[in-house]
file my_file-v9.cif (mmCIF, C-alpha atoms)
data_entry
loop_
_atom_site.label_atom_id
_atom_site.label_comp_id
_atom_site.auth_asym_id
_atom_site.auth_seq_id
_atom_site.Cartn_x
_atom_site.Cartn_y
_atom_site.Cartn_z
CA MET A 1 25.64 -13.00 -13.35
CA ASN A 2 22.08 -13.05 -14.69
CA GLU A 3 21.41 -16.26 -12.84
CA LEU A 4 22.56 -14.62 -9.62
CA VAL A 5 20.22 -11.68 -10.23
CA ASP A 6 17.35 -14.06 -10.99
CA LEU A 7 18.10 -16.04 -7.85
CA TRP A 8 18.14 -12.85 -5.74
CA LEU A 9 14.86 -11.66 -7.29
CA TYR A 10 13.30 -15.04 -6.52
CA LEU A 11 14.60 -15.23 -2.94
CA SER A 12 13.87 -11.60 -2.01
CA ALA A 13 10.28 -12.04 -3.20
CA SER A 14 9.73 -15.15 -1.05
CA PRO A 15 8.68 -14.86 2.63
CA LEU A 16 11.78 -16.86 3.52
CA PHE A 17 13.99 -13.79 3.01
CA GLY A 18 12.30 -11.50 5.54
CA LEU A 19 12.07 -14.19 8.18
CA ALA A 20 15.65 -15.43 7.79
CA ALA A 21 17.08 -11.89 7.64
CA THR A 22 15.22 -10.79 10.79
CA LEU A 23 16.24 -13.81 12.87
CA GLY A 24 19.76 -13.97 11.45
CA VAL A 25 20.64 -10.30 11.92
CA TYR A 26 19.04 -10.23 15.39
CA ALA A 27 20.99 -13.31 16.49
CA LEU A 28 24.24 -11.71 15.27
CA ALA A 29 23.44 -8.37 16.97
CA ALA A 30 22.56 -10.12 20.26
CA LEU A 31 25.80 -12.14 20.07
CA ALA A 32 27.88 -9.02 19.36
CA SER A 33 26.17 -7.16 22.22
CA ALA A 34 26.93 -10.02 24.63
CA ARG A 35 30.58 -10.15 23.48
CA LEU A 36 30.95 -6.40 24.11
CA GLY A 37 29.58 -6.74 27.66
CA GLN A 38 26.12 -5.33 26.80
CA PRO A 39 26.86 -1.58 26.83
CA PRO A 40 23.71 0.60 26.36
CA TRP A 41 24.72 1.74 22.86
CA ALA A 42 25.10 -1.87 21.61
CA ASN A 43 21.34 -2.45 21.89
CA PRO A 44 20.46 -5.46 19.66
CA VAL A 45 17.09 -4.02 18.51
CA LEU A 46 18.70 -0.73 17.46
CA TRP A 47 21.43 -2.39 15.39
CA THR A 48 19.13 -5.03 13.88
CA VAL A 49 16.70 -2.33 12.71
CA LEU A 50 19.51 -0.15 11.32
CA LEU A 51 21.22 -3.04 9.51
CA LEU A 52 17.99 -4.41 8.04
CA ALA A 53 16.82 -0.94 6.97
CA ALA A 54 20.20 -0.35 5.27
CA LEU A 55 20.03 -3.79 3.64
CA LEU A 56 16.54 -3.16 2.24
CA LEU A 57 17.41 0.33 0.97
CA ALA A 58 20.72 -0.81 -0.56
CA SER A 59 19.19 -3.82 -2.32
CA GLY A 60 16.03 -1.97 -3.40
CA THR A 61 13.84 -4.50 -1.60
CA SER A 62 10.43 -3.09 -0.67
CA TYR A 63 9.19 -3.12 2.92
CA ALA A 64 6.15 -5.09 1.75
CA ALA A 65 8.42 -7.86 0.39
CA TYR A 66 10.39 -7.91 3.65
CA PHE A 67 7.23 -7.91 5.76
CA ALA A 68 5.83 -10.92 3.87
CA GLY A 69 8.35 -12.93 5.88
CA ALA A 70 8.75 -10.76 8.97
CA GLN A 71 5.01 -10.89 9.67
CA PHE A 72 5.47 -14.35 11.19
CA ILE A 73 7.48 -12.70 13.97
CA HIS A 74 5.30 -9.58 14.06
CA VAL A 75 2.11 -11.57 14.68
CA LEU A 76 3.54 -12.79 18.01
CA LEU A 77 3.35 -9.24 19.42
CA GLY A 78 -0.37 -9.74 20.12
CA PRO A 79 0.04 -12.78 22.38
CA ALA A 80 3.12 -11.07 23.89
CA VAL A 81 0.88 -8.21 25.06
CA VAL A 82 -1.53 -10.75 26.55
CA ALA A 83 1.50 -12.38 28.23
CA LEU A 84 2.16 -9.17 30.18
CA ALA A 85 -0.57 -10.45 32.53
CA TRP A 86 2.03 -12.96 33.73
CA LEU A 87 4.36 -10.16 34.91
CA LEU A 88 1.50 -8.49 36.81
CA TRP A 89 0.43 -11.82 38.31
CA GLN A 90 3.95 -12.73 39.44
CA ARG A 91 4.43 -9.36 41.15
CA ARG A 92 0.93 -9.25 42.62
CA GLN A 93 2.30 -9.09 46.19
CA ALA A 94 4.52 -6.05 45.52
CA LEU A 95 1.63 -4.57 43.55
CA ARG A 96 -0.79 -5.02 46.46
CA ARG A 97 1.72 -3.85 49.09
CA GLN A 98 2.76 -0.70 47.23
CA ALA A 99 -0.39 -0.21 45.18
CA LEU A 100 -0.64 3.53 45.83
CA ALA A 101 3.04 4.40 45.24
CA LEU A 102 3.37 2.21 42.13
CA GLY A 103 0.03 3.32 40.68
CA LEU A 104 0.87 6.99 41.21
CA ALA A 105 4.38 6.61 39.76
CA ALA A 106 2.99 4.81 36.69
CA LEU A 107 0.21 7.36 36.15
CA ALA A 108 2.40 10.42 36.77
CA GLY A 109 5.34 9.15 34.68
CA GLY A 110 3.20 7.89 31.78
CA GLY A 111 0.98 10.98 31.94
CA ALA A 112 3.96 13.36 32.00
CA ALA A 113 5.59 11.60 29.03
CA ALA A 114 2.39 11.62 26.94
CA ALA A 115 1.38 15.19 27.84
CA SER A 116 4.87 16.62 27.25
CA ALA A 117 5.12 14.80 23.90
CA VAL A 118 1.72 16.14 22.73
CA LEU A 119 2.32 19.70 23.95
CA LEU A 120 5.88 19.91 22.59
CA ALA A 121 4.79 18.44 19.24
CA ARG A 122 1.98 21.02 18.99
CA ALA A 123 4.40 23.81 19.94
CA PHE A 124 6.62 22.72 17.01
CA GLY A 125 3.57 22.84 14.74
CA LEU A 126 3.66 19.14 13.82
CA PRO A 127 0.59 17.83 11.91
CA ALA A 128 -2.28 16.41 14.00
CA ASP A 129 -1.80 12.80 12.85
CA ILE A 130 1.86 12.89 13.91
CA VAL A 131 0.89 14.43 17.28
CA ALA A 132 -1.63 11.61 17.84
CA SER A 133 1.03 9.06 16.86
CA LEU A 134 3.40 10.54 19.46
CA ALA A 135 0.92 10.38 22.37
CA PRO A 136 1.25 6.62 23.10
CA LYS A 137 5.05 6.61 22.66
CA SER A 138 5.88 5.29 26.17
CA VAL A 139 3.71 2.22 25.58
CA THR A 140 4.97 -1.00 24.04
CA ALA A 141 4.74 -0.85 20.20
CA PRO A 142 1.79 -3.23 19.61
CA VAL A 143 -0.39 -1.44 22.19
CA ALA A 144 0.84 1.97 20.95
CA MET A 145 -0.35 1.02 17.45
CA GLY A 146 -3.77 0.08 18.77
CA ILE A 147 -4.07 3.32 20.76
CA ALA A 148 -2.86 5.49 17.84
CA GLU A 149 -5.43 3.91 15.56
CA ARG A 150 -8.19 4.90 17.97
CA ILE A 151 -7.07 8.51 18.51
CA GLY A 152 -6.42 9.48 14.88
CA GLY A 153 -2.73 8.64 14.59
CA VAL A 154 -0.78 6.50 12.10
CA PRO A 155 -0.17 3.03 13.63
CA ALA A 156 3.12 2.44 11.76
CA LEU A 157 4.50 5.83 12.88
CA ALA A 158 3.34 5.18 16.46
CA ALA A 159 5.23 1.89 16.42
CA VAL A 160 8.40 3.59 15.16
CA PHE A 161 8.11 6.35 17.81
CA ALA A 162 7.55 3.73 20.52
CA VAL A 163 10.61 1.75 19.44
CA LEU A 164 12.70 4.96 19.31
CA THR A 165 11.45 5.98 22.78
CA GLY A 166 12.40 2.56 24.12
CA LEU A 167 15.86 2.89 22.63
CA ILE A 168 16.34 6.46 23.92
CA GLY A 169 15.42 5.30 27.43
CA ALA A 170 17.57 2.16 27.30
CA VAL A 171 20.60 4.07 26.02
CA THR A 172 20.40 7.36 27.98
CA ALA A 173 18.52 6.56 31.24
CA PRO A 174 21.59 5.38 33.21
CA TYR A 175 23.26 8.78 32.63
CA LEU A 176 20.04 10.71 33.43
CA PHE A 177 19.49 8.82 36.71
CA ASP A 178 23.10 9.42 37.77
CA ALA A 179 22.76 13.14 37.00
CA LEU A 180 19.50 13.29 39.02
CA ARG A 181 21.05 11.21 41.85
CA ILE A 182 18.44 8.48 41.64
CA HIS A 183 20.32 5.40 42.81
CA SER A 184 17.66 2.96 44.06
CA PRO A 185 17.48 0.02 41.61
CA ALA A 186 13.72 -0.25 42.21
CA ALA A 187 13.06 3.39 41.25
CA ARG A 188 15.42 3.25 38.27
CA GLY A 189 13.87 0.02 36.98
CA PHE A 190 10.30 1.18 37.51
CA ALA A 191 10.95 4.48 35.70
CA LEU A 192 12.59 2.65 32.77
CA GLY A 193 9.62 0.30 32.40
CA THR A 194 7.18 3.23 32.65
CA ALA A 195 8.83 5.57 30.13
CA SER A 196 10.55 3.06 27.83
CA HIS A 197 8.38 -0.11 27.96
CA GLY A 198 9.84 -3.50 26.97
CA ILE A 199 13.07 -2.19 25.47
CA GLY A 200 13.83 -0.23 28.67
CA ALA A 201 12.77 -3.20 30.80
CA ALA A 202 15.10 -5.52 28.88
CA ARG A 203 17.93 -3.07 29.60
CA ALA A 204 17.03 -2.84 33.32
CA LEU A 205 17.06 -6.63 33.56
CA GLN A 206 20.63 -6.73 32.21
CA VAL A 207 21.83 -4.34 34.91
CA HIS A 208 20.14 -5.50 38.11
CA PRO A 209 17.57 -8.21 38.98
CA GLU A 210 15.52 -5.92 41.24
CA ALA A 211 15.57 -3.14 38.65
CA GLY A 212 14.49 -5.73 36.07
CA ALA A 213 11.58 -6.99 38.18
CA HIS A 214 10.30 -3.47 38.79
CA ALA A 215 10.79 -2.58 35.12
CA GLY A 216 8.74 -5.59 34.01
CA LEU A 217 5.95 -4.68 36.40
CA ALA A 218 5.99 -1.00 35.33
CA PHE A 219 6.01 -1.92 31.64
CA ALA A 220 2.97 -4.22 31.98
CA LEU A 221 1.18 -1.68 34.17
CA GLN A 222 1.86 1.10 31.64
CA ALA A 223 0.48 -0.94 28.72
CA LEU A 224 -2.70 -1.57 30.70
CA LEU A 225 -3.14 1.98 32.08
CA ALA A 226 -2.30 3.76 28.81
CA ALA A 227 -4.55 1.52 26.74
CA LEU A 228 -7.45 2.09 29.12
CA LEU A 229 -6.92 5.81 29.87
CA LEU A 230 -5.16 7.45 26.89
CA PRO A 231 -8.08 7.13 24.42
CA LEU A 232 -10.25 8.89 27.05
CA ALA A 233 -7.59 11.48 28.00
CA MET A 234 -6.95 12.50 24.37
CA ARG A 235 -10.51 13.85 24.17
CA TRP A 236 -9.49 16.61 26.58
CA LEU A 237 -5.81 17.09 25.77
CA MET B 1 6.44 -28.95 13.63
CA ASP B 2 8.27 -31.58 15.73
CA GLY B 3 11.33 -29.35 15.82
CA VAL B 4 9.38 -26.36 17.12
CA ASP B 5 7.71 -28.53 19.75
CA ALA B 6 11.06 -29.88 20.93
CA LEU B 7 12.53 -26.37 21.06
CA LEU B 8 9.61 -25.02 23.09
CA GLY B 9 9.75 -28.04 25.40
CA GLY B 10 13.49 -27.63 25.86
CA LEU B 11 13.19 -23.95 26.72
CA VAL B 12 10.45 -24.66 29.22
CA ALA B 13 12.43 -27.44 30.89
CA ARG B 14 15.40 -25.09 31.27
CA GLY B 15 13.08 -22.47 32.74
CA GLY B 16 12.77 -24.70 35.80
CA MET B 17 9.12 -25.50 35.22
CA ASN B 18 9.64 -29.25 34.83
CA GLU B 19 7.66 -31.44 37.16
CA ALA B 20 6.57 -34.92 36.09
CA PRO B 21 8.07 -36.10 32.78
CA PRO B 22 5.49 -35.41 30.06
CA ARG B 23 3.58 -38.31 28.59
CA PRO B 24 4.95 -39.26 25.15
CA GLY B 25 2.92 -37.44 22.52
CA ALA B 26 1.42 -34.94 24.98
CA PRO B 27 1.71 -31.32 23.82
CA SER B 28 4.40 -29.28 25.58
CA PRO B 29 3.06 -26.86 28.21
CA ALA B 30 4.35 -23.85 26.24
CA LEU B 31 2.45 -24.93 23.13
CA ALA B 32 -0.79 -25.36 25.08
CA GLY B 33 -0.12 -22.03 26.81
CA LEU B 34 0.44 -20.29 23.47
CA ALA B 35 -2.96 -21.57 22.33
CA LEU B 36 -4.50 -20.10 25.51
CA LEU B 37 -2.80 -16.73 24.90
CA LEU B 38 -4.09 -16.64 21.31
CA ILE B 39 -7.59 -17.56 22.47
CA CYS B 40 -7.49 -14.74 25.05
CA GLN B 41 -6.37 -12.29 22.36
CA LEU B 42 -9.07 -13.52 19.99
CA ALA B 43 -11.72 -13.12 22.69
CA GLY B 44 -10.37 -9.63 23.43
CA GLU B 45 -10.55 -8.64 19.73
CA LEU B 46 -14.11 -10.00 19.48
CA VAL B 47 -15.24 -8.08 22.58
CA ALA B 48 -13.55 -4.87 21.32
CA ARG B 49 -15.26 -5.19 17.91
CA ALA B 50 -18.65 -6.20 19.28
CA THR B 51 -18.92 -3.55 21.99
CA GLY B 52 -17.00 -0.67 20.36
CA LEU B 53 -14.94 -0.21 23.54
CA PRO B 54 -12.01 2.16 22.80
CA TRP B 55 -9.44 -0.38 24.04
CA PRO B 56 -7.13 -2.62 21.94
CA GLY B 57 -8.09 -6.30 21.76
CA PRO B 58 -4.80 -7.67 23.15
CA VAL B 59 -5.20 -5.48 26.27
CA LEU B 60 -8.67 -6.91 26.89
CA GLY B 61 -7.01 -10.32 26.34
CA LEU B 62 -4.45 -9.37 29.03
CA LEU B 63 -7.29 -8.71 31.49
CA LEU B 64 -8.91 -12.04 30.58
CA LEU B 65 -5.61 -13.88 31.13
CA LEU B 66 -5.20 -12.14 34.48
CA ALA B 67 -8.66 -13.41 35.44
CA LEU B 68 -7.67 -16.97 34.41
CA LEU B 69 -4.50 -16.76 36.53
CA ALA B 70 -6.42 -15.37 39.52
CA ALA B 71 -8.93 -18.20 39.16
CA GLY B 72 -6.03 -20.69 39.27
CA LEU B 73 -6.70 -22.08 35.80
CA TRP B 74 -3.88 -23.51 33.61
CA ARG B 75 -1.14 -21.65 35.45
CA ARG B 76 1.65 -23.99 34.32
CA PRO B 77 1.05 -23.86 30.56
CA ILE B 78 0.27 -20.12 30.73
CA GLY B 79 3.49 -19.45 32.66
CA ALA B 80 5.56 -21.51 30.22
CA ALA B 81 4.22 -19.69 27.15
CA CYS B 82 4.50 -16.24 28.76
CA GLU B 83 8.10 -16.80 29.86
CA LEU B 84 9.00 -17.95 26.35
CA LEU B 85 7.41 -14.93 24.62
CA LEU B 86 8.66 -12.34 27.12
CA ALA B 87 12.22 -13.74 26.99
CA HIS B 88 12.36 -12.89 23.27
CA LEU B 89 10.23 -9.76 23.41
CA SER B 90 12.78 -7.38 21.90
CA LEU B 91 13.06 -9.53 18.74
CA LEU B 92 9.33 -9.02 18.15
CA PHE B 93 9.82 -5.24 17.74
CA VAL B 94 12.19 -5.61 14.78
CA PRO B 95 9.60 -5.92 11.93
CA VAL B 96 7.74 -2.71 12.97
CA GLY B 97 11.04 -0.96 13.65
CA VAL B 98 12.23 -1.65 10.10
CA GLY B 99 8.98 0.03 8.98
CA VAL B 100 10.81 3.29 9.59
CA ILE B 101 11.99 3.09 5.94
CA THR B 102 8.40 3.68 4.74
CA HIS B 103 8.21 6.96 6.68
CA LEU B 104 11.62 8.41 5.85
CA ASP B 105 10.03 11.46 4.14
CA ALA B 106 7.89 12.42 7.18
CA ILE B 107 10.87 11.83 9.46
CA ALA B 108 13.21 13.87 7.23
CA ARG B 109 10.68 16.73 7.03
CA HIS B 110 10.12 16.94 10.81
CA GLY B 111 13.36 15.26 11.90
CA LEU B 112 14.69 17.88 14.30
CA ALA B 113 11.33 18.57 15.99
CA LEU B 114 10.67 14.83 16.35
CA ALA B 115 14.11 14.25 17.88
CA VAL B 116 13.58 17.02 20.43
CA VAL B 117 10.04 15.82 21.30
CA LEU B 118 11.13 12.18 21.68
CA LEU B 119 14.22 12.97 23.76
CA LEU B 120 12.61 15.51 26.11
CA SER B 121 9.34 13.63 26.69
CA THR B 122 11.23 10.40 27.41
CA TRP B 123 13.49 12.13 29.93
CA ILE B 124 10.48 13.87 31.54
CA GLY B 125 8.66 10.52 31.87
CA LEU B 126 11.74 8.82 33.34
CA ALA B 127 12.42 11.62 35.85
CA VAL B 128 8.78 12.04 36.98
CA SER B 129 8.13 8.35 37.64
CA ALA B 130 11.49 7.87 39.43
CA TRP B 131 10.88 10.99 41.59
CA VAL B 132 7.34 9.96 42.53
CA LEU B 133 8.51 6.48 43.55
CA LYS B 134 11.48 7.87 45.46
CA GLY B 135 9.38 10.55 47.19
CA LEU B 136 6.63 8.23 48.43
CA PRO B 137 7.24 6.02 51.48
CA GLU B 138 7.33 2.29 50.76
CA ALA B 139 4.38 0.92 52.70
#
call {"tool": "encode", "arguments": {"input": "my_file-v9.cif", "output": "structure tokens"}}
result
Amino acid sequence: MNELVDLWLYLSASPLFGLAATLGVYALAALASARLGQPPWANPVLWTVLLLAALLLASGTSYAAYFAGAQFIHVLLGPAVVALAWLLWQRRQALRRQALALGLAALAGGGAAAASAVLLARAFGLPADIVASLAPKSVTAPVAMGIAERIGGVPALAAVFAVLTGLIGAVTAPYLFDALRIHSPAARGFALGTASHGIGAARALQVHPEAGAHAGLAFALQALLAALLLPLAMRWL
Amino acid sequence: MDGVDALLGGLVARGGMNEAPPRPGAPSPALAGLALLLICQLAGELVARATGLPWPGPVLGLLLLLALLAAGLWRRPIGAACELLLAHLSLLFVPVGVGVITHLDAIARHGLALAVVLLLSTWIGLAVSAWVLKGLPEA
């Protein structure tokens, strides 16, 4: 029994644990989601985060010990943001052809999400650092962290809010669009990428190739626009 | 390292980007592309630090990569690395997502308000962008 405890203490303190747990649980969640026919509620990110959080809390493992291993996955978020250029480049013809409509939809949607989050949060009397962490919530987590840092928010909270926003969009958007009678795959995909970044875009791609293409474009566009404009806009908001 | 190289090469080949068979010992396109992405990010971070611009380094790296693509430089390795990273994008959010356990007190204290803010602002963003796109004529 003692040997088992010693072994667990040794393994949970080594970076191997965080890395193996992240990849292992994610692979299982993705497999389960595929088996179930990829319904919105079976989102692999959602279940991986919930299972890992439960595992850490139940075993008394600290987040720092987990992150010692998980950082090897986390560090790839930076180059992944750079890689969004590829999505913009591939869709450069659609972007040029519909520059005005797509630019306006991205600005209006991203602006409405950020402004409503900030105003609602202030109306509820939330502390200023939480309000600033909510502002970049429609932007992909790594960019949201960078923006939050610059506008007086908490990067880790901003990342959590961004992931939650992505999940809310991925899970509830199909019902919202049906209720609003928005049926065009292009509009649905673009809105998902704008308001729910990569997690929404991944969902759109599962449903329809055209929705997925527009979602990818919107998601890259939003990361770029929000990163460039939000730090300036927050001075006035 | 050989295993990683083979895996990256295999994924790229399946992505339909295979042209001439690579020379034995040559780095896979995805690996070279990943180096280019990291260099772009590094350059972006350096510019952000040096100039005090209010923009995150990786976003400046994105603009630099866009410039490389527009100039027609290294499109094949860049494409291979980008496809690989973007295909597994949702996995990359897991480590920060699990970070929620370090903020359980703040979330418990403001839980209801946060839930309302997150839900409503997400729905507002979704509806506004879909309406704008639907309302404007497709040129």
call {"tool": "interface_residues", "arguments": {"input": "my_file-v9.cif", "of": "chain A", "to": "chain B", "cutoff": "7 Å", "atoms": "only C-alpha atoms", "output": "PyMOL selection string"}}
result
chain A and resi 26+45+49+52-53+63+67+70+73-74+76-86+89+97-98+101-102+105-106+108-110+112-113+116-117+120-121+124+143+146-147+150+156+159-160+163+165+168-169+187-188+191-192+195+199+224+227-228+231
call {"tool": "residues_around", "arguments": {"input": "my_file-v9.cif", "residues": "Gly212 of chain A", "least_positions_apart": "2", "cutoff": "10 Å", "atoms": "all atoms listed in the file", "output": "JSON, numbers by chain"}}
result
{"A": [185, 186, 188, 189, 190, 192, 193, 200, 201, 202, 203, 204, 205, 206, 207, 208, 209, 210, 214, 215, 216, 217, 218]}
call {"tool": "write_last_selection", "arguments": {"input": "my_file-v9.cif", "atoms": "C-alpha atoms", "output": "compact mmCIF listing (two decimals), keeping the file's coordinate frame"}}
result
# COMPACT_ATOMS: atom_id res chain seq x y z
CA PRO A 185 17.48 0.02 41.61
CA ALA A 186 13.72 -0.25 42.21
CA ARG A 188 15.42 3.25 38.27
CA GLY A 189 13.87 0.02 36.98
CA PHE A 190 10.30 1.18 37.51
CA LEU A 192 12.59 2.65 32.77
CA GLY A 193 9.62 0.30 32.40
CA GLY A 200 13.83 -0.23 28.67
CA ALA A 201 12.77 -3.20 30.80
CA ALA A 202 15.10 -5.52 28.88
CA ARG A 203 17.93 -3.07 29.60
CA ALA A 204 17.03 -2.84 33.32
CA LEU A 205 17.06 -6.63 33.56
CA GLN A 206 20.63 -6.73 32.21
CA VAL A 207 21.83 -4.34 34.91
CA HIS A 208 20.14 -5.50 38.11
CA PRO A 209 17.57 -8.21 38.98
CA GLU A 210 15.52 -5.92 41.24
CA HIS A 214 10.30 -3.47 38.79
CA ALA A 215 10.79 -2.58 35.12
CA GLY A 216 8.74 -5.59 34.01
CA LEU A 217 5.95 -4.68 36.40
CA ALA A 218 5.99 -1.00 35.33
call {"tool": "atom_distance", "arguments": {"input": "my_file-v9.cif", "atom1": "atom CA of Ala43 of chain B", "atom2": "atom CA of Leu232 of chain A"}}
result
22.5 Å
call {"tool": "axis_aligned_box", "arguments": {"input": "my_file-v9.cif", "around": "segment 52-60 of chain A", "padding_each_side": "6 Å", "output": "lines of an AutoDock Vina configuration file"}}
result
center_x = 18.4
center_y = -2.0
center_z = 2.3
size_x = 16.7
size_y = 16.7
size_z = 23.4
call {"tool": "atom_distance", "arguments": {"input": "my_file-v9.cif", "atom1": "atom CA of Leu157 of chain A", "atom2": "atom CA of Val25 of chain A"}}
result
22.8 Å
call {"tool": "residues_around", "arguments": {"input": "my_file-v9.cif", "residues": "segment 1-14 of chain A", "least_positions_apart": "6", "cutoff": "12 Å", "atoms": "all atoms listed in the file", "output": "list of chain:residue names"}}
result
A:Ala20, A:Ala21, A:Leu55, A:Leu56, A:Ser59, A:Gly60, A:Thr61, A:Ser62, A:Tyr63, A:Ala64, A:Ala65, A:Tyr66, A:Phe67, A:Ala68, A:Gly69, A:Ala70
call {"tool": "atom_distance", "arguments": {"input": "my_file-v9.cif", "atom1": "atom CA of Val154 of chain A", "atom2": "atom CA of Pro142 of chain A"}}
result
12.6 Å
call {"tool": "resolve_selection", "arguments": {"input": "my_file-v9.cif", "expression": "the PyMOL selection byres ((chain A and resi 38) around 12)", "output": "list in words"}}
result
Ala29, Ala30, Leu31, Ala32, Ser33, Ala34, Arg35, Leu36, Gly37, Pro39, Pro40, Trp41, Ala42, Asn43, Pro44, Ala170, Val171, Ala202, Arg203, Ala204, Leu205, Gln206 and Val207 of chain A
call {"tool": "write_last_selection", "arguments": {"input": "my_file-v9.cif", "atoms": "C-alpha atoms", "output": "PDB file, keeping the file's coordinate frame"}}
result
ATOM      1  CA  ALA A  29      23.440  -8.370  16.970  1.00  0.00           C
ATOM      2  CA  ALA A  30      22.560 -10.120  20.260  1.00  0.00           C
ATOM      3  CA  LEU A  31      25.800 -12.140  20.070  1.00  0.00           C
ATOM      4  CA  ALA A  32      27.880  -9.020  19.360  1.00  0.00           C
ATOM      5  CA  SER A  33      26.170  -7.160  22.220  1.00  0.00           C
ATOM      6  CA  ALA A  34      26.930 -10.020  24.630  1.00  0.00           C
ATOM      7  CA  ARG A  35      30.580 -10.150  23.480  1.00  0.00           C
ATOM      8  CA  LEU A  36      30.950  -6.400  24.110  1.00  0.00           C
ATOM      9  CA  GLY A  37      29.580  -6.740  27.660  1.00  0.00           C
ATOM     10  CA  PRO A  39      26.860  -1.580  26.830  1.00  0.00           C
ATOM     11  CA  PRO A  40      23.710   0.600  26.360  1.00  0.00           C
ATOM     12  CA  TRP A  41      24.720   1.740  22.860  1.00  0.00           C
ATOM     13  CA  ALA A  42      25.100  -1.870  21.610  1.00  0.00           C
ATOM     14  CA  ASN A  43      21.340  -2.450  21.890  1.00  0.00           C
ATOM     15  CA  PRO A  44      20.460  -5.460  19.660  1.00  0.00           C
ATOM     16  CA  ALA A 170      17.570   2.160  27.300  1.00  0.00           C
ATOM     17  CA  VAL A 171      20.600   4.070  26.020  1.00  0.00           C
ATOM     18  CA  ALA A 202      15.100  -5.520  28.880  1.00  0.00           C
ATOM     19  CA  ARG A 203      17.930  -3.070  29.600  1.00  0.00           C
ATOM     20  CA  ALA A 204      17.030  -2.840  33.320  1.00  0.00           C
ATOM     21  CA  LEU A 205      17.060  -6.630  33.560  1.00  0.00           C
ATOM     22  CA  GLN A 206      20.630  -6.730  32.210  1.00  0.00           C
ATOM     23  CA  VAL A 207      21.830  -4.340  34.910  1.00  0.00           C
TER      24      VAL A 207
END
call {"tool": "decode", "arguments": {"input": "my_file-v9.cif", "residues": "segment 121-136 of chain B", "atoms": "N, CA and C atoms", "output": "tab-separated table (two decimals), in the first residue's frame"}}
result
chain	number	residue	atom	x	y	z
B	121	SER	N	-24.04	37.42	-23.42
B	121	SER	CA	-23.13	38.09	-24.35
B	121	SER	C	-22.77	37.17	-25.52
B	122	THR	N	-22.68	35.86	-25.26
B	122	THR	CA	-22.40	34.93	-26.36
B	122	THR	C	-23.57	34.90	-27.35
B	123	TRP	N	-24.78	34.84	-26.81
B	123	TRP	CA	-25.96	34.81	-27.71
B	123	TRP	C	-26.09	36.12	-28.48
B	124	ILE	N	-25.80	37.26	-27.81
B	124	ILE	CA	-25.87	38.56	-28.50
B	124	ILE	C	-24.84	38.59	-29.64
B	125	GLY	N	-23.61	38.14	-29.36
B	125	GLY	CA	-22.58	38.11	-30.40
B	125	GLY	C	-22.97	37.24	-31.58
B	126	LEU	N	-23.50	36.04	-31.27
B	126	LEU	CA	-23.92	35.11	-32.33
B	126	LEU	C	-25.02	35.74	-33.19
B	127	ALA	N	-26.05	36.30	-32.52
B	127	ALA	CA	-27.20	36.83	-33.25
B	127	ALA	C	-26.79	38.03	-34.10
B	128	VAL	N	-26.00	38.96	-33.52
B	128	VAL	CA	-25.64	40.17	-34.26
B	128	VAL	C	-24.82	39.83	-35.50
B	129	SER	N	-23.81	38.97	-35.37
B	129	SER	CA	-22.99	38.71	-36.55
B	129	SER	C	-23.78	37.95	-37.61
B	130	ALA	N	-24.65	37.01	-37.19
B	130	ALA	CA	-25.45	36.28	-38.18
B	130	ALA	C	-26.44	37.22	-38.88
B	131	TRP	N	-27.05	38.15	-38.12
B	131	TRP	CA	-28.01	39.09	-38.72
B	131	TRP	C	-27.33	40.02	-39.71
B	132	VAL	N	-26.15	40.55	-39.32
B	132	VAL	CA	-25.44	41.48	-40.21
B	132	VAL	C	-25.11	40.78	-41.53
B	133	LEU	N	-24.61	39.54	-41.42
B	133	LEU	CA	-24.21	38.82	-42.64
B	133	LEU	C	-25.43	38.48	-43.50
B	134	LYS	N	-26.54	38.15	-42.84
B	134	LYS	CA	-27.76	37.80	-43.55
B	134	LYS	C	-28.39	39.03	-44.21
B	135	GLY	N	-28.27	40.19	-43.52
B	135	GLY	CA	-28.92	41.40	-43.98
B	135	GLY	C	-28.19	42.08	-45.13
B	136	LEU	N	-26.86	41.83	-45.22
B	136	LEU	CA	-26.09	42.51	-46.28
B	136	LEU	C	-26.09	41.67	-47.55
